[in-house]
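Beneath this line is the structure, given in structure tokens, with notes to follow.
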Amino acid sequence: MKVPDRLEDLLREHAPQVLGALVRRYGHFDTAEDAVQEALVAASAQWPADGIPQEPRTWLIRVASRRLIDMLRSEQSRRDREAAEAVRIRPEQYLAPAADAGRPADDSLVLLFVCCHPALSRPSQVALTLRAVGGLSTAEIAHAFLVPEPTLAQRISRAKKQIKTSGIGFGPPPPAEYAARLDAVLQVLYLVFNEGYVATAGPDLQRTDLAAEAIRLTRMLHRVLPDDGEVAGLLALMLLVHARRTARTDAGGALVPLAEQDRSLWDKDEIDEGVALVTHAMSHADLGPYQLQAAIAAVHAEAATGGGTDWRQILGLYDLLERMTDNPVVTLNRAVAVAMVHGPRAGLTFLSYLDDDPRLAGQHRLEAVRGHLLELAGEPDRARECYVAAARRTTSRPEQRYLQLKAAKLAGS
């Protein structure tokens, strides 16, 4: 079998499932993660020469399981825990079939709930799960959290240490505990999708594989909890936003803003599904933030053109959303809606409330929106300065090129 050009994509796809299988069977989250990494390294070395196995996931689980058992035995010898481990993991289990034997279901969803253990703080739950299930780097997670990278790295390190020393146990939670972990799981899926929607860094605007994985996992969650309004709302939001993916860049990979996109390229099936999901959720469940964000996306999706967008309805939805959340990005987006309804000056005044918010310090979004509103207000020089500042701060190359082009056009006006 020929090895694909993007071997790392295949490994990224299987890594969370392999980790989930090992954690479910053996526990020892931190050690299991190390074993999976070693299996991935082995695959990177062997598969290009030998070809991809017919069952790559099974191959990875088998290799990772062997490495994990070696690590556990070494740990037992070094710390004199033979007796304790013999009680928890019987010797015959070391020779048991692969961790995926008799369990064809995807372990990624189980791993989501495993990582979102109530003994960990919410930020630690989300950060750890983004690493384990989403496969995001520390830099990507830090960007999603709007915190410095060293802070995020310490957070993940503390979570792993707590797992290792507290003995809290990382097997699949009993059904009664799923509800307590649901908010963290939804936040994880939301952040993974956002990283796929706009990649933190690199040459491409989007990572459609990551966005598609978030949608797949959310579909699984929706099948388990079909009556939960926020699960349905999150799935609807993802579908409605993901439907625009083809129109978000031109043939050269340059960013195309929402108002200028060719809406005939939007995925109508995903839009129809998303609208149906959020409509049903808002009429049958308690209203929540994900439903409101999905409703906003639905208003955009139902407009035939950018100029036909019902901005008053969007502003009303943002008013409700801002009351439910303390998120500066929501406030940032509401400022745009204010500008579209009441004029750019009103939007700029509203935007000034965010100038001292430390969560946006060093981020490009605030200056990018300010530049857009200043341009609408007829202040090209100030708008250009904001675009230049925003371009310096973003690590996404397509966003950077777009902002630089906006600044260059204003320089000649």
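Residues are named by chain letter and number: chains run A, B, ... in the order of the structure tokens, numbers start at 1 in each chain, and ligands are numbered from 1 in the order shown.
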task: Could you give me, as a list in words, the residues within 10 Å of A:Gln187, counting only C-alpha atoms and dropping anything in the same chain fewer than 6 positions from it?
output: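 Counting only the stated atoms, we get Arg122, Pro123, Gln125, Val126, Leu130, Phe193, Leu234 and Tyr290 of chain A.
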message: Env of A:Lys268: 12 Å cut, atoms = only C-alpha atoms, seq-sep filter 5 positions within chain, self excluded. Answer as JSON, numbers by chain.
response: {"A": [239, 240, 241, 242, 243, 244, 245, 246, 263, 273, 274, 275, 298, 301, 302]}
field: Which of stretch 185-281 of chain A fall in alpha helix (DSSP H), as an MDAnalysis selection string
entry: chainID A and resid 185:197 208:224 229:242 268:281
message: Report as a PyMOL selection string all protein, DNA and RNA residues lying within 12 Å of A:Val110, evaluated on only C-alpha atoms, omitting residues in the same chain fewer than 4 positions from it.
response: chain A and resi 16-25+105-106+114-117+129+132-133+170-175+178+181-182+185+217+220-221+224
Selection above as a file: N, CA and C atoms, as an mmCIF file, in the first residue's frame:
```
data_model
loop_
_atom_site.group_PDB
_atom_site.id
_atom_site.type_symbol
_atom_site.label_atom_id
_atom_site.label_comp_id
_atom_site.auth_asym_id
_atom_site.auth_seq_id
_atom_site.Cartn_x
_atom_site.Cartn_y
_atom_site.Cartn_z
ATOM 1 N N PRO A 16 -6.117 10.259 18.967
ATOM 2 C CA PRO A 16 -7.068 10.322 20.087
ATOM 3 C C PRO A 16 -7.773 9.000 20.339
ATOM 4 N N GLN A 17 -8.094 8.259 19.273
ATOM 5 C CA GLN A 17 -8.788 6.988 19.452
ATOM 6 C C GLN A 17 -7.874 5.963 20.127
ATOM 7 N N VAL A 18 -6.588 5.988 19.767
ATOM 8 C CA VAL A 18 -5.629 5.072 20.387
ATOM 9 C C VAL A 18 -5.461 5.413 21.861
ATOM 10 N N LEU A 19 -5.315 6.709 22.150
ATOM 11 C CA LEU A 19 -5.172 7.133 23.545
ATOM 12 C C LEU A 19 -6.414 6.765 24.345
ATOM 13 N N GLY A 20 -7.594 6.984 23.760
ATOM 14 C CA GLY A 20 -8.827 6.635 24.452
ATOM 15 C C GLY A 20 -8.905 5.153 24.776
ATOM 16 N N ALA A 21 -8.483 4.321 23.831
ATOM 17 C CA ALA A 21 -8.518 2.867 24.052
ATOM 18 C C ALA A 21 -7.590 2.461 25.189
ATOM 19 N N LEU A 22 -6.389 3.064 25.230
ATOM 20 C CA LEU A 22 -5.434 2.714 26.283
ATOM 21 C C LEU A 22 -5.898 3.198 27.652
ATOM 22 N N VAL A 23 -6.398 4.428 27.706
ATOM 23 C CA VAL A 23 -6.848 4.972 28.993
ATOM 24 C C VAL A 23 -8.039 4.182 29.514
ATOM 25 N N ARG A 24 -8.956 3.840 28.602
ATOM 26 C CA ARG A 24 -10.125 3.063 29.017
ATOM 27 C C ARG A 24 -9.717 1.719 29.601
ATOM 28 N N ARG A 25 -8.699 1.083 29.020
ATOM 29 C CA ARG A 25 -8.338 -0.268 29.443
ATOM 30 C C ARG A 25 -7.384 -0.271 30.624
ATOM 31 N N ALA A 105 -16.543 0.554 18.714
ATOM 32 C CA ALA A 105 -16.962 1.951 18.780
ATOM 33 C C ALA A 105 -15.763 2.880 18.938
ATOM 34 N N ASP A 106 -15.944 4.130 18.526
ATOM 35 C CA ASP A 106 -14.902 5.139 18.612
ATOM 36 C C ASP A 106 -14.698 5.541 20.068
ATOM 37 N N VAL A 114 -13.617 11.451 29.816
ATOM 38 C CA VAL A 114 -12.561 11.025 30.734
ATOM 39 C C VAL A 114 -11.699 12.220 31.129
ATOM 40 N N CYS A 115 -11.314 13.014 30.156
ATOM 41 C CA CYS A 115 -10.439 14.167 30.425
ATOM 42 C C CYS A 115 -11.150 15.251 31.228
ATOM 43 N N CYS A 116 -12.448 15.368 31.052
ATOM 44 C CA CYS A 116 -13.198 16.413 31.756
ATOM 45 C C CYS A 116 -13.614 15.928 33.143
ATOM 46 N N HIS A 117 -12.637 15.451 33.893
ATOM 47 C CA HIS A 117 -12.892 14.931 35.237
ATOM 48 C C HIS A 117 -13.180 16.081 36.197
ATOM 49 N N THR A 129 -7.982 18.171 27.374
ATOM 50 C CA THR A 129 -8.743 17.461 26.354
ATOM 51 C C THR A 129 -8.388 17.954 24.961
ATOM 52 N N ALA A 132 -5.322 16.012 24.196
ATOM 53 C CA ALA A 132 -5.493 14.568 24.048
ATOM 54 C C ALA A 132 -6.405 14.200 22.893
ATOM 55 N N VAL A 133 -7.525 14.902 22.747
ATOM 56 C CA VAL A 133 -8.525 14.528 21.751
ATOM 57 C C VAL A 133 -8.402 15.367 20.482
ATOM 58 N N PHE A 170 -9.019 7.475 35.932
ATOM 59 C CA PHE A 170 -9.435 8.040 34.654
ATOM 60 C C PHE A 170 -10.095 7.003 33.756
ATOM 61 N N GLY A 171 -10.898 6.146 34.366
ATOM 62 C CA GLY A 171 -11.720 5.267 33.556
ATOM 63 C C GLY A 171 -12.946 6.026 33.076
ATOM 64 N N PRO A 172 -13.710 5.424 32.160
ATOM 65 C CA PRO A 172 -14.937 6.074 31.684
ATOM 66 C C PRO A 172 -15.867 6.377 32.843
ATOM 67 N N PRO A 173 -16.446 7.580 32.914
ATOM 68 C CA PRO A 173 -17.322 7.927 34.033
ATOM 69 C C PRO A 173 -18.631 7.163 33.962
ATOM 70 N N PRO A 174 -19.265 6.927 35.113
ATOM 71 C CA PRO A 174 -20.594 6.309 35.098
ATOM 72 C C PRO A 174 -21.595 7.270 34.469
ATOM 73 N N PRO A 175 -22.698 6.752 33.923
ATOM 74 C CA PRO A 175 -23.671 7.615 33.244
ATOM 75 C C PRO A 175 -24.142 8.797 34.072
ATOM 76 N N TYR A 178 -22.016 12.048 33.573
ATOM 77 C CA TYR A 178 -21.862 12.691 32.266
ATOM 78 C C TYR A 178 -22.409 14.120 32.264
ATOM 79 N N ARG A 181 -20.082 16.798 33.490
ATOM 80 C CA ARG A 181 -18.921 17.067 32.642
ATOM 81 C C ARG A 181 -19.304 17.665 31.290
ATOM 82 N N LEU A 182 -20.606 17.807 31.039
ATOM 83 C CA LEU A 182 -21.044 18.178 29.695
ATOM 84 C C LEU A 182 -20.587 19.573 29.288
ATOM 85 N N VAL A 185 -17.077 19.501 28.096
ATOM 86 C CA VAL A 185 -16.978 18.789 26.823
ATOM 87 C C VAL A 185 -17.430 19.682 25.670
ATOM 88 N N LEU A 217 -17.523 14.453 16.294
ATOM 89 C CA LEU A 217 -17.663 14.162 17.712
ATOM 90 C C LEU A 217 -18.949 14.762 18.280
ATOM 91 N N MET A 220 -21.835 12.600 17.418
ATOM 92 C CA MET A 220 -21.884 11.455 18.319
ATOM 93 C C MET A 220 -22.525 11.841 19.643
ATOM 94 N N LEU A 221 -22.146 13.000 20.154
ATOM 95 C CA LEU A 221 -22.696 13.469 21.421
ATOM 96 C C LEU A 221 -24.189 13.740 21.281
ATOM 97 N N VAL A 224 -26.189 10.662 21.530
ATOM 98 C CA VAL A 224 -26.306 10.185 22.912
ATOM 99 C C VAL A 224 -27.276 11.053 23.708
#
```
One-decimal distance in Å that lies between atom CA of A:Cys386 and atom CA of A:Gly371: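 Straight-line distance from atom CA of A:Gly371 to atom CA of A:Cys386 works out to 4.9 Å.
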Can you pull out the residues contacting A:Gln363? Cut-off 10 Å, using only C-alpha atoms, and skip same-chain residues under 4 positions away; I want them as a compact mmCIF listing (two decimals) with C-alpha atoms, in the first residue's frame.
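File out.txt, as written:
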```txt
# COMPACT_ATOMS: atom_id res chain seq x y z
CA HIS A 143 -4.59 31.25 21.35
CA LEU A 146 -6.61 34.10 24.99
CA VAL A 147 -3.79 33.43 27.48
CA PRO A 358 -6.49 42.05 29.29
CA ARG A 359 -7.96 39.02 27.53
CA GLU A 367 -7.55 46.27 15.97
CA ALA A 368 -8.89 44.48 12.90
CA ALA A 389 -1.18 46.77 13.84
CA ALA A 390 -3.56 43.83 13.46
CA ARG A 392 1.60 42.36 12.96
CA ARG A 393 -0.24 40.52 15.71
CA THR A 394 -1.90 37.67 13.82
CA THR A 395 0.01 34.44 13.19
```
query: Could you state the separation of atom CA of A:Ala64 and atom CA of A:Ile141 in Å, given to one decimal place?
result: 25.2 Å
field: Distance criterion (only C-alpha atoms): nearest to A:Lys161 out of A:Gln206, A:Gln400, A:Thr31, A:Thr309
entry: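 For A:Lys161, the nearest of the given residues is A:Thr31.
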statement: Closest of A:Val256, A:Val231, A:Ala39, A:Leu320 to A:His280, counting only C-alpha atoms, is A:Val231
- prompt: Skipping near chain neighbours, those fewer than 3 positions away, what residues fall within 7 Å of A:Leu373 using only C-alpha atoms, listed as a list in words?
  reply: Pro344, Leu348, Val369, Arg370, Leu376 and Ala377 of chain A
field: Exercise: A:His372 partners within 12 Å, only C-alpha atoms, chain neighbours under 3 positions left out, as a PyMOL selection string
entry: chain A and resi 257+335-336+339-340+344-345+347-348+351+365-369+375-388+390+403+406-407+410
- request: Calculate how many Å separate atom CA of A:Ala153 from atom CA of A:Glu140, rounding to one decimal.
  value: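 Those two atoms sit 11.1 Å apart.
The closest residue to A:Ala232, picked from A:Gly196, A:Gly307, A:Pro289, A:Gly412 and counting only C-alpha atoms, is A:Pro289.
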